[in-house]
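The file model.txt contains compact mmCIF, C-alpha atoms:
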```txt
# COMPACT_ATOMS: atom_id res chain seq x y z
CA MET A 9 -173.60 4.30 32.52
CA ALA A 10 -172.58 6.37 29.52
CA ARG A 11 -168.89 7.12 29.09
CA LYS A 12 -169.00 10.68 27.83
CA LEU A 13 -166.10 12.97 27.05
CA THR A 14 -165.88 16.46 25.59
CA VAL A 15 -163.16 16.66 22.95
CA ALA A 16 -161.88 19.56 20.89
CA ALA A 17 -159.86 20.10 17.72
CA ALA A 18 -157.91 23.35 17.83
CA GLN A 19 -157.81 24.78 14.31
CA THR A 20 -154.90 27.22 14.38
CA GLY A 21 -153.90 29.94 11.94
CA PRO A 22 -150.73 30.88 10.04
CA VAL A 23 -147.48 31.45 11.90
CA PHE A 24 -145.55 34.54 10.86
CA GLY A 25 -143.92 35.50 14.15
CA GLY A 26 -142.07 33.32 16.61
CA MET A 27 -143.30 30.45 18.72
CA LYS A 28 -144.28 32.83 21.50
CA ASP A 29 -147.15 34.24 19.39
CA GLY A 30 -148.39 30.74 18.66
CA VAL A 31 -148.24 29.81 22.33
CA GLU A 32 -150.32 32.86 23.26
CA ALA A 33 -152.98 31.94 20.69
CA ALA A 34 -152.99 28.35 21.93
CA CYS A 35 -153.38 29.52 25.53
CA ALA A 36 -156.46 31.49 24.47
CA MET A 37 -157.91 28.33 22.91
CA VAL A 38 -157.29 26.35 26.09
CA LYS A 39 -159.13 29.01 28.09
CA GLU A 40 -162.01 28.87 25.60
CA GLY A 41 -162.02 25.11 25.99
CA ALA A 42 -162.25 25.48 29.76
CA ARG A 43 -165.32 27.70 29.38
CA LYS A 44 -166.91 25.04 27.18
CA GLY A 45 -166.13 22.13 29.49
CA VAL A 46 -163.55 20.48 27.24
CA ASP A 47 -161.64 17.49 28.61
CA ILE A 48 -158.97 17.12 25.92
CA ILE A 49 -157.74 19.35 23.07
CA CYS A 50 -155.87 18.17 19.98
CA PHE A 51 -153.63 20.76 18.32
CA PRO A 52 -152.44 20.52 14.68
CA GLU A 53 -149.19 19.27 13.22
CA VAL A 54 -146.09 21.37 14.13
CA PHE A 55 -148.53 24.20 14.75
CA LEU A 56 -146.16 26.58 16.56
CA ALA A 57 -143.89 26.95 13.52
CA PRO A 58 -144.49 28.01 9.92
CA PHE A 59 -144.98 24.85 7.90
CA PHE A 60 -141.35 24.87 6.80
CA PRO A 61 -141.32 21.30 5.38
CA ASN A 62 -143.04 22.54 2.19
CA ARG A 63 -139.68 23.96 1.07
CA LEU A 64 -135.95 23.66 1.72
CA ILE A 65 -134.48 26.08 4.25
CA GLN A 66 -131.11 26.32 5.97
CA ASP A 67 -132.17 27.48 9.43
CA TYR A 68 -134.73 24.75 10.11
CA GLU A 69 -133.30 23.81 13.52
CA LYS A 70 -134.83 26.91 15.11
CA HIS A 71 -138.29 25.36 14.66
CA PHE A 72 -137.47 22.25 16.72
CA VAL A 73 -137.84 22.04 20.48
CA THR A 74 -137.11 19.61 23.26
CA LEU A 75 -139.70 19.35 26.01
CA PRO A 76 -139.87 20.78 28.59
CA ASN A 77 -139.09 24.14 27.03
CA PRO A 78 -139.46 27.66 28.48
CA VAL A 79 -141.23 28.88 25.32
CA THR A 80 -143.96 26.23 25.44
CA ASP A 81 -144.21 25.89 29.23
CA PRO A 82 -146.85 28.68 29.54
CA LEU A 83 -149.26 26.64 27.39
CA PHE A 84 -148.87 23.58 29.58
CA ALA A 85 -149.28 25.73 32.69
CA VAL A 86 -152.60 27.11 31.41
CA ALA A 87 -153.80 23.61 30.50
CA ARG A 88 -152.78 22.37 33.94
CA GLU A 89 -154.59 25.28 35.61
CA HIS A 90 -157.80 24.40 33.78
CA LYS A 91 -157.27 20.62 34.09
CA ILE A 92 -157.38 20.02 30.34
CA MET A 93 -155.51 17.20 28.61
CA LEU A 94 -153.53 18.03 25.48
CA VAL A 95 -152.37 16.35 22.29
CA PHE A 96 -149.60 18.72 21.25
CA GLY A 97 -148.19 18.58 17.69
CA TYR A 98 -144.63 19.85 17.44
CA ALA A 99 -141.25 19.55 15.73
CA GLU A 100 -139.25 17.50 18.22
CA ARG A 101 -135.51 17.47 18.69
CA ASP A 102 -134.06 14.48 20.52
CA GLY A 103 -130.29 14.77 20.56
CA ALA A 104 -129.10 14.54 16.96
CA TYR A 105 -132.50 13.37 15.68
CA PHE A 106 -135.49 15.37 14.50
CA TYR A 107 -139.09 14.13 14.53
CA ASN A 108 -142.59 15.24 13.59
CA SER A 109 -144.24 14.45 16.90
CA ALA A 110 -147.28 14.77 19.13
CA ALA A 111 -146.94 14.78 22.91
CA VAL A 112 -149.73 13.79 25.31
CA PHE A 113 -150.21 15.67 28.58
CA ASP A 114 -152.65 14.71 31.33
CA ARG A 115 -154.77 17.13 33.36
CA ALA A 116 -151.96 17.61 35.88
CA GLY A 117 -149.60 18.69 33.11
CA HIS A 118 -147.54 15.49 33.21
CA LEU A 119 -146.09 14.19 29.96
CA VAL A 120 -147.79 10.83 29.36
CA GLY A 121 -145.88 9.96 26.19
CA THR A 122 -145.02 10.93 22.64
CA TYR A 123 -145.96 9.63 19.20
CA ARG A 124 -143.61 10.22 16.29
CA LYS A 125 -145.01 10.38 12.76
CA THR A 126 -144.29 7.11 10.98
CA HIS A 127 -145.19 7.84 7.34
CA ILE A 128 -142.92 10.69 6.23
CA PRO A 129 -143.87 12.06 2.79
CA ALA A 130 -141.72 13.54 0.05
CA TYR A 131 -143.25 14.88 -3.14
CA PHE A 132 -142.54 17.95 -5.12
CA PRO A 133 -144.68 20.66 -6.79
CA ASN A 134 -144.31 19.28 -10.30
CA GLU A 135 -145.65 15.91 -9.15
CA LEU A 136 -148.98 17.22 -7.87
CA ARG A 137 -150.61 19.93 -9.93
CA GLY A 138 -151.26 22.90 -7.70
CA GLY A 139 -149.42 21.32 -4.80
CA THR A 140 -146.84 23.14 -2.74
CA GLY A 141 -144.64 20.13 -2.23
CA SER A 142 -143.45 18.24 0.80
CA TYR A 143 -139.82 17.92 1.79
CA GLU A 144 -140.46 16.22 5.11
CA LYS A 145 -137.96 13.44 4.46
CA PHE A 146 -135.24 16.09 4.40
CA TYR A 147 -136.10 17.10 7.98
CA PHE A 148 -137.76 14.31 9.94
CA SER A 149 -136.73 10.82 10.96
CA PRO A 150 -139.66 8.38 11.00
CA GLY A 151 -141.10 7.06 14.23
CA SER A 152 -140.90 3.34 14.90
CA SER A 153 -143.91 2.56 17.08
CA LEU A 154 -147.69 2.91 17.32
CA PRO A 155 -148.37 3.52 21.00
CA VAL A 156 -151.80 3.51 22.60
CA PHE A 157 -152.03 5.93 25.50
CA GLU A 158 -154.33 5.43 28.47
CA VAL A 159 -155.41 8.43 30.52
CA GLU A 160 -158.27 8.24 33.03
CA GLY A 161 -159.39 4.95 31.53
CA ILE A 162 -159.60 6.40 28.01
CA ARG A 163 -157.45 4.65 25.42
CA PHE A 164 -156.34 6.52 22.32
CA GLY A 165 -153.75 6.61 19.57
CA ILE A 166 -152.36 9.33 17.34
CA GLN A 167 -151.83 9.56 13.59
CA ILE A 168 -150.16 12.66 12.15
CA CYS A 169 -151.33 14.04 8.78
CA ASN A 170 -149.96 11.67 6.10
CA ASP A 171 -150.38 8.71 8.47
CA ARG A 172 -154.15 8.99 8.02
CA LEU A 173 -153.89 7.84 4.39
CA TYR A 174 -152.65 4.40 5.43
CA PRO A 175 -155.33 2.08 6.84
CA GLU A 176 -152.96 -0.34 8.58
CA PRO A 177 -151.70 1.84 11.47
CA SER A 178 -155.20 2.95 12.43
CA ARG A 179 -156.35 -0.67 12.43
CA LYS A 180 -153.34 -1.61 14.54
CA LEU A 181 -154.23 1.10 17.06
CA ALA A 182 -157.83 -0.11 17.22
CA LEU A 183 -156.72 -3.71 17.71
CA LYS A 184 -154.52 -2.51 20.58
CA GLY A 185 -157.57 -1.01 22.24
CA ALA A 186 -157.71 2.59 21.01
CA GLU A 187 -161.15 4.17 21.30
CA ILE A 188 -160.16 7.53 19.79
CA ILE A 189 -157.58 8.42 17.16
CA PHE A 190 -156.35 11.99 17.40
CA MET A 191 -154.96 13.41 14.17
CA PRO A 192 -152.78 16.54 14.23
CA ILE A 193 -152.70 17.68 10.59
CA ALA A 194 -151.31 20.40 8.30
CA TYR A 195 -153.20 19.72 5.07
CA ALA A 196 -153.18 22.20 2.20
CA THR A 197 -155.59 22.37 -0.73
CA TYR A 198 -154.79 21.61 -4.33
CA GLY A 199 -157.58 23.79 -5.70
CA ASN A 200 -159.97 20.95 -6.57
CA ASP A 201 -162.99 20.23 -4.37
CA ASN A 202 -163.34 16.63 -5.55
CA TYR A 203 -159.71 15.95 -4.75
CA ARG A 204 -160.12 17.64 -1.39
CA VAL A 205 -163.02 15.37 -0.46
CA ALA A 206 -161.09 12.30 -1.62
CA ILE A 207 -157.96 13.05 0.37
CA TRP A 208 -159.49 14.92 3.33
CA ASP A 209 -163.04 13.94 4.28
CA LEU A 210 -163.12 10.35 3.09
CA PRO A 211 -159.95 9.04 4.78
CA LEU A 212 -161.00 10.56 8.10
CA GLN A 213 -164.44 9.00 7.85
CA ALA A 214 -163.04 5.67 6.67
CA ARG A 215 -160.61 5.42 9.60
CA ALA A 216 -163.51 5.97 12.01
CA PHE A 217 -165.95 3.68 10.19
CA ASP A 218 -163.57 0.79 9.45
CA ASN A 219 -162.18 0.62 12.96
CA GLY A 220 -165.11 1.61 15.13
CA VAL A 221 -163.27 4.56 16.69
CA PHE A 222 -163.81 8.27 17.09
CA VAL A 223 -161.53 10.46 14.99
CA VAL A 224 -160.58 13.97 16.12
CA ALA A 225 -158.73 15.74 13.30
CA ALA A 226 -157.17 19.16 13.96
CA ASN A 227 -155.95 20.98 10.85
CA ARG A 228 -154.21 24.29 10.34
CA VAL A 229 -155.97 27.06 8.40
CA GLY A 230 -155.00 30.05 6.27
CA ASP A 231 -152.41 31.21 3.74
CA GLU A 232 -148.78 30.87 4.74
CA ASN A 233 -145.70 31.10 2.50
CA GLY A 234 -147.63 30.13 -0.64
CA ARG A 235 -149.43 27.26 1.05
CA ARG A 236 -153.14 27.39 1.89
CA HIS A 237 -154.15 25.19 4.79
CA ILE A 238 -157.83 24.41 4.40
CA GLY A 239 -158.97 24.07 8.00
CA MET A 240 -162.14 21.94 7.99
CA SER A 241 -161.08 20.20 11.20
CA ALA A 242 -163.53 17.44 12.07
CA ILE A 243 -164.81 15.19 14.82
CA ILE A 244 -166.16 11.90 13.49
CA ASN A 245 -168.35 9.23 15.07
CA PRO A 246 -167.70 5.52 14.47
CA LEU A 247 -171.40 4.93 13.74
CA GLY A 248 -171.29 5.11 9.97
CA GLY A 249 -168.24 7.37 9.97
CA ARG A 250 -170.57 10.31 10.47
CA ILE A 251 -169.06 13.79 10.71
CA MET A 252 -170.45 15.10 14.01
CA THR A 253 -169.13 18.62 13.55
CA GLN A 254 -166.74 20.30 11.16
CA ALA A 255 -164.90 23.62 11.13
CA THR A 256 -164.94 26.04 8.22
CA MET A 257 -162.14 27.18 5.94
CA ASP A 258 -162.49 30.75 7.21
CA GLY A 259 -160.05 30.94 10.11
CA PRO A 260 -158.98 29.66 13.52
CA GLU A 261 -161.61 28.11 15.77
CA LEU A 262 -162.01 25.60 18.54
CA LEU A 263 -164.21 22.74 17.35
CA VAL A 264 -165.95 21.04 20.27
CA ALA A 265 -168.14 17.96 20.59
CA GLU A 266 -169.33 15.67 23.35
CA ILE A 267 -168.72 12.05 22.44
CA ASP A 268 -170.16 8.90 24.00
CA LEU A 269 -167.57 6.14 24.05
CA ASP A 270 -170.38 3.59 24.30
CA ASP A 271 -170.99 4.31 20.60
CA ILE A 272 -167.83 2.33 19.88
CA ASN A 273 -169.34 -0.97 20.99
CA LYS A 274 -172.55 -0.12 19.15
CA ALA A 275 -170.59 0.49 15.95
CA ARG A 276 -168.56 -2.68 16.27
CA ARG A 277 -171.64 -4.80 16.98
CA SER A 278 -173.62 -3.34 14.10
CA LEU A 279 -171.25 -4.74 11.47
CA PRO A 280 -169.26 -7.97 12.04
CA TRP A 281 -166.09 -6.79 10.31
CA TRP A 282 -163.86 -7.51 13.27
CA ARG A 283 -165.34 -10.95 13.83
CA ASP A 284 -164.84 -11.91 10.18
CA ARG A 285 -161.29 -10.64 9.75
CA ARG A 286 -158.87 -13.03 7.93
CA PRO A 287 -155.35 -12.18 9.13
CA ASP A 288 -154.24 -15.56 7.76
CA LEU A 289 -154.65 -14.01 4.29
CA TYR A 290 -153.21 -10.52 4.76
CA GLY A 291 -150.91 -10.63 7.74
CA ASN A 292 -151.15 -10.27 11.47
CA LEU A 293 -151.77 -6.75 12.72
CA ASP A 294 -152.71 -7.95 16.20
CA PRO A 295 -150.76 -6.58 19.16
CA PRO A 296 -148.02 -6.31 20.15
```

With the file now loaded, output its structure as structure tokens.
Amino acid sequence: MARKLTVAAAQTGPVFGGMKDGVEAACAMVKEGARKGVDIICFPEVFLAPFFPNRLIQDYEKHFVTLPNPVTDPLFAVAREHKIMLVFGYAERDGAYFYNSAAVFDRAGHLVGTYRKTHIPAYFPNELRGGTGSYEKFYFSPGSSLPVFEVEGIRFGIQICNDRLYPEPSRKLALKGAEIIFMPIAYATYGNDNYRVAIWDLPLQARAFDNGVFVVAANRVGDENGRRHIGMSAIINPLGGRIMTQATMDGPELLVAEIDLDDINKARRSLPWWRDRRPDLYGNLDPP
């Protein structure tokens, strides 16, 4: 019997107002997902705030929240009403610590768990021609674990933006049983299509292909404070790392696809990469 699931990547637009505006837009996407029979929606990286880590600001704490929170509660209520699971990218405050996180909610609106971004970048505009810079190390503490979540028998992990460029954590998640890797992202262009393909399309496809997993990548889109998020959210099949469907660069949209989790075993049987691994040469990534 096929194990089919309808997944969605919520490609959200610029944030110029407060979190409340972003929550309202996200609620509309959840309702659209309900009309389209979506089971789980992945939202982008810190999508309810302007992408403040591309510069240094003094009042950054206003963008961080602790869950539950009265501002974000309406979104979770709508998702619960429509029985949709969420992967929710946000700037998390936990006491004196600040994280770039993604929380997982089940259909009943219960918090299943949280992943905290592990690979925190820092580079500056003069280091990447056309880049807007990243000052994330000034704001976020790194996470220290790679959890695999299980909801309704579906096992999945999360990688946030820069994490996707490192093959080891995705392999670790796959070895721990992940069938899907959700990727909340806030990726901006550097004005060069070849570079975009190299740092956007190819890593997403490689993570799916190398590990025999589905990848659901939700990116932000649009111009915001001198930074142009490119959109192009994607859902990728493990069979050959094929892009099943991809959003445009034009604006917000809900990207939806039905996936068959049986394709994972087909992909892993078609090429014997897992069988022929040599951890004795390059280290043990096996769980725990």

For Ala265 in chain A, the nearest of the candidates A:Tyr68, A:Gly41, A:Glu160, A:Thr253, counting all atoms listed in the file:
A:Thr253

Point (-144.3, 5.4, 6.3) neighbourhood (8 Å, only C-alpha atoms) written as a PyMOL selection string
chain A and resi 126-129+150+171

Restricting the calculation to only C-alpha atoms, which member of A:Leu64, A:Ala242, A:Met93, A:Leu262 is positioned closest to Glu144 in chain A?
A:Leu64

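Separating CA of Thr122 in chain A from CA of Ser178 in chain A is a distance of 16.5 Å.
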
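Between CA of Pro260 in chain A and CA of Leu247 in chain A there is a distance of 27.7 Å.
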
Fewer than 5 positions away in the same chain doesn't count, so skip those; otherwise give me all residues within 7 Å of range 223-236 of chain A, counting all atoms listed in the file, as an MDAnalysis selection string.
chainID A and resid 17:22 50:52 140 188:197 212 216 241:245 257 259:260

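By chain and then residue number, the residues within 8 Å of Ala57 in chain A are Val23, Gly26, Met27, Gly30, Val54, Phe55, Phe59, Phe60 and His71 of chain A, counting all atoms listed in the file and disregarding those fewer than 2 positions away in sequence.
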
One decimal place gives the CA of Val73 in chain A-CA of Phe157 in chain A separation as 22.0 Å

Selection as a ChimeraX atom specification: residues within 12 Å of (-152.1, 0.4, 12.1), counting all atoms listed in the file:
/A:126-127,152-156,165-167,171-186,189,215,218-219,291-296

Distance criterion (all atoms listed in the file): nearest to Ile162 in chain A out of A:Asp288, A:Ala36, A:Ile48, A:Ala87
A:Ile48

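Closest to Ile251 in chain A among A:Asp209, A:Asp102, A:Glu89, A:Asp271 is A:Asp209, based on all atoms listed in the file.
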
Long-range neighbours of range 272-282 of chain A as a PyMOL selection string, 8 Å cut-off, all atoms listed in the file, 6 positions minimum in chain:
chain A and resi 187+219-222+246-248

Could you turn the residues from that selection into a file that holds C-alpha atoms, as a PDB file, keeping the file's coordinate frame?
```pdb
ATOM      1  CA  GLU A 187    -161.150   4.170  21.300  1.00  0.00           C
ATOM      2  CA  ASN A 219    -162.180   0.620  12.960  1.00  0.00           C
ATOM      3  CA  GLY A 220    -165.110   1.610  15.130  1.00  0.00           C
ATOM      4  CA  VAL A 221    -163.270   4.560  16.690  1.00  0.00           C
ATOM      5  CA  PHE A 222    -163.810   8.270  17.090  1.00  0.00           C
ATOM      6  CA  PRO A 246    -167.700   5.520  14.470  1.00  0.00           C
ATOM      7  CA  LEU A 247    -171.400   4.930  13.740  1.00  0.00           C
ATOM      8  CA  GLY A 248    -171.290   5.110   9.970  1.00  0.00           C
TER       9      GLY A 248
END
```

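Distances from A:Tyr105, A:Phe113, A:Tyr143, A:Phe72 to Ala85 in chain A were compared using all atoms listed in the file, and the smallest one belongs to A:Phe113.
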
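Minimum distance to Ala34 in chain A across A:Asp258, A:Asp81, A:Asp47, A:Glu100 (counting only C-alpha atoms) occurs at A:Asp81.
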